[in-house]
Every structure is written in structure tokens, then in C-alpha cells.
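Undergrad: This is the structure, below, for whatever I ask next.
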Amino acid sequence: AGLDAAAAVAAANQSFCLLVIRHGTLVYERYWNGADATTQSPSWSIAKSYSSTLVGIAIDRGDLPGLDTSVSEYVPEWKGDDRVAITLRNLVSMTSGLKWDPVEDYVGLATLATDDTTYAINRPLAHPPGSSWTYDNGGVQILERVFRVATGSSIEDYARLHLWSKVGSSASWKHDPSGNPTTYANVLATCRDHARLGYLYLHGGVWAGVQVVSPAWVAAALTPSQTMNRAYGMLWWLNAETPAIDAMGVPWQ
């Protein structure tokens with residue numbers, strides 16, 4: 001009865017699906033709005049948490065040296081200017097300090113840009129890295145370049161090899177008009193596949209006895225990543241502590 005009541009709330013809020021997993025078993029599953037167990041929905045910013053996971057896996061594997069590496073190692077356009085101070089930690093904690101406004105981010109980048117990665121990289125620095133928190137889609141998109149340079153493959157191919165295939169997911173990534181995976185948005189996956197990501201984190205990065213991502217990364221990703229917005233970890237919304245800031249920069253309870 002409790003699950004049916006939860007499903008009624010989900011349906012009233014235009015949800016596509018509600019899944020409940022208990023002790024590794026899918027015990028409750030409902031779909032609406034034309035979706036079913038095979039529907040691969042865009043999922044919007046859930047993609048950021050996939051990107052976070054892949055950064056953790058790349059560090060675990062030695063493909064990335066660590067969070068305090070300058071992003072300019074992978075973005076040579078930044079060498080020689082003030083953006084050389086931006087680190088991978090800044091990208092995954094939303095503290096890069098790159099110029100941001102909602103029109104540029106949600107219209108210029110997400111709607112009009114033909115090459116999201118180049119658009120994101122070309123922005124100037126507006127604040128010292130680490131001094132402010134901004135929900136910046138473009139900052140996450142720069143990880144697309146980082147993976148391409150660091151690993152020699154796209155972040156989507158890296159995900160297939162080191163994440164999705166490990167947990168039985170058939171996911172893929174949406175691409176921009178230039179063919180770049182949009183690391184900030186739209187992993188195309190079923191509700192069951194998204195549940196797999198949640199279950200992986202619930203169990204400290206272990207799937208079927210295999211350590212897919214380190215427990216250290218899981219713990220770090222699910223811990224407030226800075227002091228300005230303690231509702232945010234490393235590309236994961238935590239919503240557990242204050243001060244809290246929403247995606248538009250507005251304080252909330």
C-alpha cells in the first residue's frame with residue numbers, strides 16, 4: 001500500500017517511472033507517459049553523476065593523475081593565461097570560476113552551440129577558481145575534452161568499457177552536432193539502468209563482487225565538495241546540508 005501511494009505521487013508529478021530495489025531485487029516497478037522497461041529516456045543532468053563516476057574510475061585506473069591536476073594539461077588553449085589555475089577538482093565541484101550566465105549556459109551552450117566542448121572551453125575566467133560555486137553545464141562539458149586527450153577515446157566509449165558493461169547497462173550518450181558526448185546532460189538509459197548506478201553507489205562502488213569504482217571515490221563524490229553549497233558533492237546533488245544553493249544560484253532550505 002505504501003508503494004502504491006508513492007506511485008500515485010510519482011504519477012501526479014508526470015514521472016516516467018518508479019522503481020524500488022530491495023536487497024538487490026527489483027520489487028516494485030511502474031511506468032507512465034508511454035514509457036516501459038525498454039525506454040531510454042534522456043535523463044538530463046543525471047549525466048553529470050555518470051561523468052563523476054567516470055572521473056573516479058579514471059583516477060582509480062591511473063588514466064587521470066588526480067583531482068588537483070591542472071585542466072590545462074588537457075586543454076592547451078588555457079596554458080599561459082589565468083585559466084591554468086583551474087583543476088579537475090574545480091570542474092567536478094562546480095567551482096571553476098569560468099564566466100557563466102543562464103542565457104549562455106542554457107541557450108548558447110545547450111541549445112545553439114554546434115560544438116559544446118569548444119564553446120565551453122572558450123569562456124574567460126570571471127572569478128578565481130575555488131572562490132565561488134556555480135551550477136555550470138559548460139564546466140562539466142570540458143570533461144569531454146579531458147577524457148579524449150587523457151584516454152585516447154571518448155568518454156562514452158570509456159563508459160561502455162569500464163562502467164556500463166560492468167553493471168549490465170545498455171546506456172549511451174547524446175551527442176552535440178559535432179559528435180561530442182554531452183557530458184553535462186542526457187545519458188540515454190532505461191530506468192533500470194539508472195537504478196543500477198544508484199545501487200552501485202549504495203554498495204560502495206561494488207557490483208556482483210567486483211569493485212567498479214573505488215569506495216574512496218564514492219565517499220568523496222557523496223560528501224559536500226566545498227563550503228559554499230553543501231548540498232552538492234562531486235557532480236552529485238546531496239540535498240542534506242546547508243548552506244544550500246539551487247541550480248540558478250538561489251539559496252534554499
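All residue names refer to the C-alpha cells as shown: chains lettered A, B, ... in order, residues numbered from 1 in each chain, ligands numbered from 1 in order.
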If you take only C-alpha atoms and a cut-off of 12 Å, which residues of region 85-129 of chain A touch region 214-223 of chain A, and what are their nearest atom pairs and distances in Å to one decimal, in chain and number order, as a tab-separated table?
TA:
residue	atom	partner	partner_atom	distance
A:Arg89	CA	A:Ala221	CA	10.9
A:Val92	CA	A:Ala221	CA	8.9
A:Ser93	CA	A:Ala221	CA	9.1
Undergrad: I'd like the neighbourhood of region 32-45 of chain A as a PyMOL selection string, where a residue qualifies if any of its atoms comes within 7 Å (using only C-alpha atoms), though same-chain residues fewer than 6 positions away should be ignored.
TA: chain A and resi 11+15-17+184-191
Undergrad: Going by DSSP on the backbone, which residues of region 126-216 of chain A come out as strand (DSSP E or B)? List them as a ChimeraX atom specification.
TA: /A:172-173,175,181,187-189,206-207,210-211
Undergrad: Near Arg230 (chain A), counting only C-alpha atoms, which residues have an atom at most 9 Å away, once you skip same-chain residues fewer than 3 positions from it, shown as an MDAnalysis selection string?
TA: chainID A and resid 223:227 233 238:245
Undergrad: Just to be explicit: take each residue in the selection above, keep N, CA, C and O atoms, and write the result as a short mmCIF file (atom, residue, chain, number, x, y, z; two decimals), in the first residue's frame.
TA:
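Result written to result_16.cif:
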data_model
loop_
_atom_site.label_atom_id
_atom_site.label_comp_id
_atom_site.auth_asym_id
_atom_site.auth_seq_id
_atom_site.Cartn_x
_atom_site.Cartn_y
_atom_site.Cartn_z
N THR A 223 30.06 13.52 -0.59
CA THR A 223 30.38 14.43 0.50
C THR A 223 30.38 15.85 -0.05
O THR A 223 30.80 16.06 -1.19
N PRO A 224 29.89 16.85 0.70
CA PRO A 224 29.95 18.22 0.17
C PRO A 224 31.35 18.55 -0.33
O PRO A 224 32.34 18.35 0.36
N SER A 225 31.43 19.06 -1.56
CA SER A 225 32.72 19.26 -2.22
C SER A 225 33.35 20.61 -1.94
O SER A 225 34.51 20.84 -2.29
N GLN A 226 32.62 21.50 -1.31
CA GLN A 226 33.11 22.84 -0.99
C GLN A 226 32.18 23.39 0.09
O GLN A 226 31.21 22.74 0.47
N THR A 227 32.50 24.57 0.63
CA THR A 227 31.73 25.11 1.75
C THR A 227 30.60 26.03 1.32
O THR A 227 29.70 26.31 2.10
N GLY A 233 27.90 17.59 -3.97
CA GLY A 233 29.15 16.86 -3.85
C GLY A 233 29.99 17.02 -5.10
O GLY A 233 30.20 18.15 -5.56
N LEU A 238 23.30 16.39 -3.18
CA LEU A 238 23.21 15.70 -1.89
C LEU A 238 21.99 16.14 -1.10
O LEU A 238 21.33 15.34 -0.44
N ASN A 239 21.71 17.44 -1.11
CA ASN A 239 20.48 17.98 -0.51
C ASN A 239 20.34 17.64 0.96
O ASN A 239 19.23 17.43 1.46
N ALA A 240 21.47 17.60 1.67
CA ALA A 240 21.41 17.16 3.07
C ALA A 240 21.93 18.21 4.05
O ALA A 240 21.69 18.09 5.24
N GLU A 241 22.66 19.20 3.58
CA GLU A 241 23.27 20.17 4.48
C GLU A 241 23.08 21.58 3.95
O GLU A 241 22.77 21.79 2.77
N THR A 242 23.28 22.55 4.80
CA THR A 242 23.26 23.96 4.42
C THR A 242 24.63 24.56 4.75
O THR A 242 25.35 24.01 5.59
N PRO A 243 25.02 25.67 4.11
CA PRO A 243 24.23 26.44 3.14
C PRO A 243 24.00 25.65 1.84
O PRO A 243 24.86 24.88 1.41
N ALA A 244 22.82 25.88 1.26
CA ALA A 244 22.43 25.20 0.04
C ALA A 244 22.05 26.22 -1.01
O ALA A 244 21.42 27.25 -0.71
N ILE A 245 22.44 25.95 -2.26
CA ILE A 245 22.16 26.83 -3.38
C ILE A 245 21.57 25.98 -4.50
O ILE A 245 22.08 24.89 -4.77
#
Undergrad: From the set A:Thr151, A:Thr53, A:Thr114, A:Asn137, which residue has the shortest atom-to-atom contact distance to His175 (chain A), counting only C-alpha atoms?
TA: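 Result for the nearest residue to His175 (chain A): A:Thr114.
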Undergrad: Would you pick out the contacts of Met94 (chain A) at 7 Å or less, using only C-alpha atoms, so that residues sharing its chain but fewer than 5 positions from it are not included, and give the list as a PyMOL selection string?
TA: chain A and resi 133-136
Undergrad: Do you know which residues are at most 12 Å from Arg22 (chain A) counting only C-alpha atoms, after dropping those on the same chain fewer than 6 positions away, and could you put them as a PyMOL selection string?
TA: chain A and resi 28-29+195+199+202
Undergrad: Find, counting only C-alpha atoms, the residue in A:Met234, A:Thr117, A:Val107, A:Ala85 that gets nearest to Thr69 (chain A).
TA: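 Nearest to Thr69 (chain A): A:Ala85.
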Undergrad: DSSP on the backbone: which residues in region 71-238 of chain A end up as alpha helix (DSSP H)? Give the answer as a VMD selection string.
TA: chain A and resid 88 to 93 102 to 103 116 to 121 137 to 151 155 to 159 165 to 167 191 to 202 215 to 221
Undergrad: CA of Ala126 (chain A) and CA of Trp78 (chain A), how far apart in Å?
TA: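 Between CA of Trp78 (chain A) and CA of Ala126 (chain A) the gap works out to 14.1 Å.
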Undergrad: Between CA of Ala7 (chain A) and CA of Tyr31 (chain A), what is the distance in Å, rounded to a tenth?
TA: 9.2 Å
Undergrad: When you look at Val149 (chain A) with a cut-off of 8 Å (counting only C-alpha atoms), what residues show up, excluding the ones that are within fewer than 4 positions of it in the same chain? I need them as a ChimeraX atom specification.
TA: /A:74,145,153
Undergrad: Pick out the residues sitting within 8 Å of region 155-170 of chain A, and hand them over as a PDB file with all heavy atoms, in the first residue's frame; count only C-alpha atoms, and ignore anything fewer than 3 positions along from it in its own chain.
TA:
ATOM      1  N   LEU A  54      32.904   8.317 -13.855  1.00  0.00           N
ATOM      2  CA  LEU A  54      33.969   8.012 -14.805  1.00  0.00           C
ATOM      3  C   LEU A  54      35.263   8.731 -14.447  1.00  0.00           C
ATOM      4  O   LEU A  54      36.359   8.186 -14.657  1.00  0.00           O
ATOM      5  CB  LEU A  54      33.511   8.356 -16.215  1.00  0.00           C
ATOM      6  CG  LEU A  54      32.365   7.457 -16.692  1.00  0.00           C
ATOM      7  CD1 LEU A  54      31.693   8.042 -17.923  1.00  0.00           C
ATOM      8  CD2 LEU A  54      32.857   6.042 -16.966  1.00  0.00           C
ATOM      9  N   ILE A  57      36.679   6.474 -11.804  1.00  0.00           N
ATOM     10  CA  ILE A  57      37.250   5.257 -12.392  1.00  0.00           C
ATOM     11  C   ILE A  57      38.585   5.573 -13.079  1.00  0.00           C
ATOM     12  O   ILE A  57      39.553   4.818 -12.955  1.00  0.00           O
ATOM     13  CB  ILE A  57      36.256   4.631 -13.389  1.00  0.00           C
ATOM     14  CG1 ILE A  57      35.052   4.053 -12.638  1.00  0.00           C
ATOM     15  CG2 ILE A  57      36.929   3.543 -14.223  1.00  0.00           C
ATOM     16  CD1 ILE A  57      33.912   3.607 -13.537  1.00  0.00           C
ATOM     17  N   GLU A 144      34.654  16.289 -21.434  1.00  0.00           N
ATOM     18  CA  GLU A 144      34.673  15.569 -22.710  1.00  0.00           C
ATOM     19  C   GLU A 144      36.064  15.650 -23.336  1.00  0.00           C
ATOM     20  O   GLU A 144      36.621  14.647 -23.790  1.00  0.00           O
ATOM     21  CB  GLU A 144      33.610  16.141 -23.647  1.00  0.00           C
ATOM     22  CG  GLU A 144      33.397  15.342 -24.925  1.00  0.00           C
ATOM     23  CD  GLU A 144      34.414  15.652 -26.010  1.00  0.00           C
ATOM     24  OE1 GLU A 144      34.799  16.845 -26.154  1.00  0.00           O
ATOM     25  OE2 GLU A 144      34.844  14.711 -26.712  1.00  0.00           O
ATOM     26  N   PHE A 147      38.784  13.621 -21.217  1.00  0.00           N
ATOM     27  CA  PHE A 147      38.810  12.171 -21.456  1.00  0.00           C
ATOM     28  C   PHE A 147      39.391  11.851 -22.834  1.00  0.00           C
ATOM     29  O   PHE A 147      40.142  10.890 -22.982  1.00  0.00           O
ATOM     30  CB  PHE A 147      37.413  11.572 -21.301  1.00  0.00           C
ATOM     31  CG  PHE A 147      37.136  11.124 -19.901  1.00  0.00           C
ATOM     32  CD1 PHE A 147      36.740  12.031 -18.940  1.00  0.00           C
ATOM     33  CD2 PHE A 147      37.303   9.797 -19.533  1.00  0.00           C
ATOM     34  CE1 PHE A 147      36.504  11.629 -17.627  1.00  0.00           C
ATOM     35  CE2 PHE A 147      37.065   9.378 -18.234  1.00  0.00           C
ATOM     36  CZ  PHE A 147      36.672  10.306 -17.274  1.00  0.00           C
ATOM     37  N   ARG A 148      39.052  12.648 -23.815  1.00  0.00           N
ATOM     38  CA  ARG A 148      39.539  12.367 -25.164  1.00  0.00           C
ATOM     39  C   ARG A 148      41.069  12.448 -25.205  1.00  0.00           C
ATOM     40  O   ARG A 148      41.730  11.605 -25.829  1.00  0.00           O
ATOM     41  CB  ARG A 148      38.901  13.352 -26.139  1.00  0.00           C
ATOM     42  CG  ARG A 148      39.088  13.032 -27.582  1.00  0.00           C
ATOM     43  CD  ARG A 148      37.886  13.464 -28.431  1.00  0.00           C
ATOM     44  NE  ARG A 148      37.254  14.696 -28.012  1.00  0.00           N
ATOM     45  CZ  ARG A 148      37.609  15.906 -28.470  1.00  0.00           C
ATOM     46  NH1 ARG A 148      38.607  16.039 -29.313  1.00  0.00           N
ATOM     47  NH2 ARG A 148      36.950  16.982 -28.068  1.00  0.00           N
ATOM     48  N   TRP A 173      25.188   7.850 -24.905  1.00  0.00           N
ATOM     49  CA  TRP A 173      25.209   9.267 -24.579  1.00  0.00           C
ATOM     50  C   TRP A 173      24.695  10.070 -25.757  1.00  0.00           C
ATOM     51  O   TRP A 173      24.990   9.740 -26.915  1.00  0.00           O
ATOM     52  CB  TRP A 173      26.638   9.720 -24.266  1.00  0.00           C
ATOM     53  CG  TRP A 173      26.769  10.563 -23.036  1.00  0.00           C
ATOM     54  CD1 TRP A 173      26.123  11.734 -22.774  1.00  0.00           C
ATOM     55  CD2 TRP A 173      27.599  10.302 -21.897  1.00  0.00           C
ATOM     56  NE1 TRP A 173      26.483  12.228 -21.536  1.00  0.00           N
ATOM     57  CE2 TRP A 173      27.403  11.364 -20.980  1.00  0.00           C
ATOM     58  CE3 TRP A 173      28.492   9.292 -21.568  1.00  0.00           C
ATOM     59  CZ2 TRP A 173      28.073  11.449 -19.762  1.00  0.00           C
ATOM     60  CZ3 TRP A 173      29.158   9.362 -20.351  1.00  0.00           C
ATOM     61  CH2 TRP A 173      28.954  10.424 -19.451  1.00  0.00           C
ATOM     62  N   PRO A 181      30.073  13.656 -27.062  1.00  0.00           N
ATOM     63  CA  PRO A 181      29.136  13.306 -25.995  1.00  0.00           C
ATOM     64  C   PRO A 181      28.918  14.515 -25.078  1.00  0.00           C
ATOM     65  O   PRO A 181      29.872  15.217 -24.725  1.00  0.00           O
ATOM     66  CB  PRO A 181      29.853  12.170 -25.249  1.00  0.00           C
ATOM     67  CG  PRO A 181      30.844  11.629 -26.226  1.00  0.00           C
ATOM     68  CD  PRO A 181      31.274  12.794 -27.059  1.00  0.00           C
ATOM     69  N   THR A 183      28.651  15.643 -21.867  1.00  0.00           N
ATOM     70  CA  THR A 183      28.952  15.118 -20.533  1.00  0.00           C
ATOM     71  C   THR A 183      28.102  15.742 -19.432  1.00  0.00           C
ATOM     72  O   THR A 183      27.974  15.166 -18.354  1.00  0.00           O
ATOM     73  CB  THR A 183      30.440  15.321 -20.211  1.00  0.00           C
ATOM     74  OG1 THR A 183      30.819  16.669 -20.531  1.00  0.00           O
ATOM     75  CG2 THR A 183      31.304  14.373 -21.014  1.00  0.00           C
ATOM     76  N   ALA A 189      19.328   6.100 -21.176  1.00  0.00           N
ATOM     77  CA  ALA A 189      19.315   4.847 -20.421  1.00  0.00           C
ATOM     78  C   ALA A 189      17.911   4.551 -19.941  1.00  0.00           C
ATOM     79  O   ALA A 189      17.073   5.450 -19.797  1.00  0.00           O
ATOM     80  CB  ALA A 189      20.267   4.937 -19.227  1.00  0.00           C
ATOM     81  N   ASP A 193      18.514   0.931 -15.819  1.00  0.00           N
ATOM     82  CA  ASP A 193      19.931   1.264 -15.898  1.00  0.00           C
ATOM     83  C   ASP A 193      20.293   2.377 -14.921  1.00  0.00           C
ATOM     84  O   ASP A 193      21.356   2.343 -14.287  1.00  0.00           O
ATOM     85  CB  ASP A 193      20.299   1.684 -17.326  1.00  0.00           C
ATOM     86  CG  ASP A 193      20.371   0.501 -18.277  1.00  0.00           C
ATOM     87  OD1 ASP A 193      20.514  -0.637 -17.795  1.00  0.00           O
ATOM     88  OD2 ASP A 193      20.279   0.713 -19.500  1.00  0.00           O
ATOM     89  N   ARG A 196      20.684   0.975 -11.616  1.00  0.00           N
ATOM     90  CA  ARG A 196      21.974   0.298 -11.439  1.00  0.00           C
ATOM     91  C   ARG A 196      23.036   1.266 -10.906  1.00  0.00           C
ATOM     92  O   ARG A 196      23.862   0.898 -10.066  1.00  0.00           O
ATOM     93  CB  ARG A 196      22.435  -0.304 -12.766  1.00  0.00           C
ATOM     94  CG  ARG A 196      21.659  -1.548 -13.191  1.00  0.00           C
ATOM     95  CD  ARG A 196      22.139  -2.054 -14.550  1.00  0.00           C
ATOM     96  NE  ARG A 196      21.639  -3.390 -14.829  1.00  0.00           N
ATOM     97  CZ  ARG A 196      20.506  -3.658 -15.461  1.00  0.00           C
ATOM     98  NH1 ARG A 196      19.742  -2.648 -15.877  1.00  0.00           N
ATOM     99  NH2 ARG A 196      20.123  -4.890 -15.675  1.00  0.00           N
ATOM    100  N   TRP A 207      29.885  -4.068  -7.636  1.00  0.00           N
ATOM    101  CA  TRP A 207      28.788  -4.712  -8.368  1.00  0.00           C
ATOM    102  C   TRP A 207      29.128  -6.193  -8.535  1.00  0.00           C
ATOM    103  O   TRP A 207      30.152  -6.534  -9.116  1.00  0.00           O
ATOM    104  CB  TRP A 207      28.602  -4.074  -9.733  1.00  0.00           C
ATOM    105  CG  TRP A 207      27.396  -4.605 -10.453  1.00  0.00           C
ATOM    106  CD1 TRP A 207      27.336  -5.722 -11.240  1.00  0.00           C
ATOM    107  CD2 TRP A 207      26.077  -4.068 -10.418  1.00  0.00           C
ATOM    108  NE1 TRP A 207      26.052  -5.906 -11.696  1.00  0.00           N
ATOM    109  CE2 TRP A 207      25.255  -4.904 -11.218  1.00  0.00           C
ATOM    110  CE3 TRP A 207      25.500  -2.957  -9.796  1.00  0.00           C
ATOM    111  CZ2 TRP A 207      23.902  -4.655 -11.406  1.00  0.00           C
ATOM    112  CZ3 TRP A 207      24.157  -2.714  -9.989  1.00  0.00           C
ATOM    113  CH2 TRP A 207      23.365  -3.554 -10.782  1.00  0.00           C
ATOM    114  N   VAL A 212      33.912  -1.677  -9.115  1.00  0.00           N
ATOM    115  CA  VAL A 212      33.829  -0.935 -10.364  1.00  0.00           C
ATOM    116  C   VAL A 212      34.431   0.461 -10.211  1.00  0.00           C
ATOM    117  O   VAL A 212      35.133   0.959 -11.097  1.00  0.00           O
ATOM    118  CB  VAL A 212      32.366  -0.848 -10.833  1.00  0.00           C
ATOM    119  CG1 VAL A 212      32.245  -0.002 -12.109  1.00  0.00           C
ATOM    120  CG2 VAL A 212      31.806  -2.246 -11.070  1.00  0.00           C
TER     121      VAL A 212
END
Undergrad: Take CA of Arg123 (chain A) and CA of Asp101 (chain A) and report the distance between them in Å, one decimal.
TA: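 Taking CA of Arg123 (chain A) and CA of Asp101 (chain A), their separation equals 11.1 Å.
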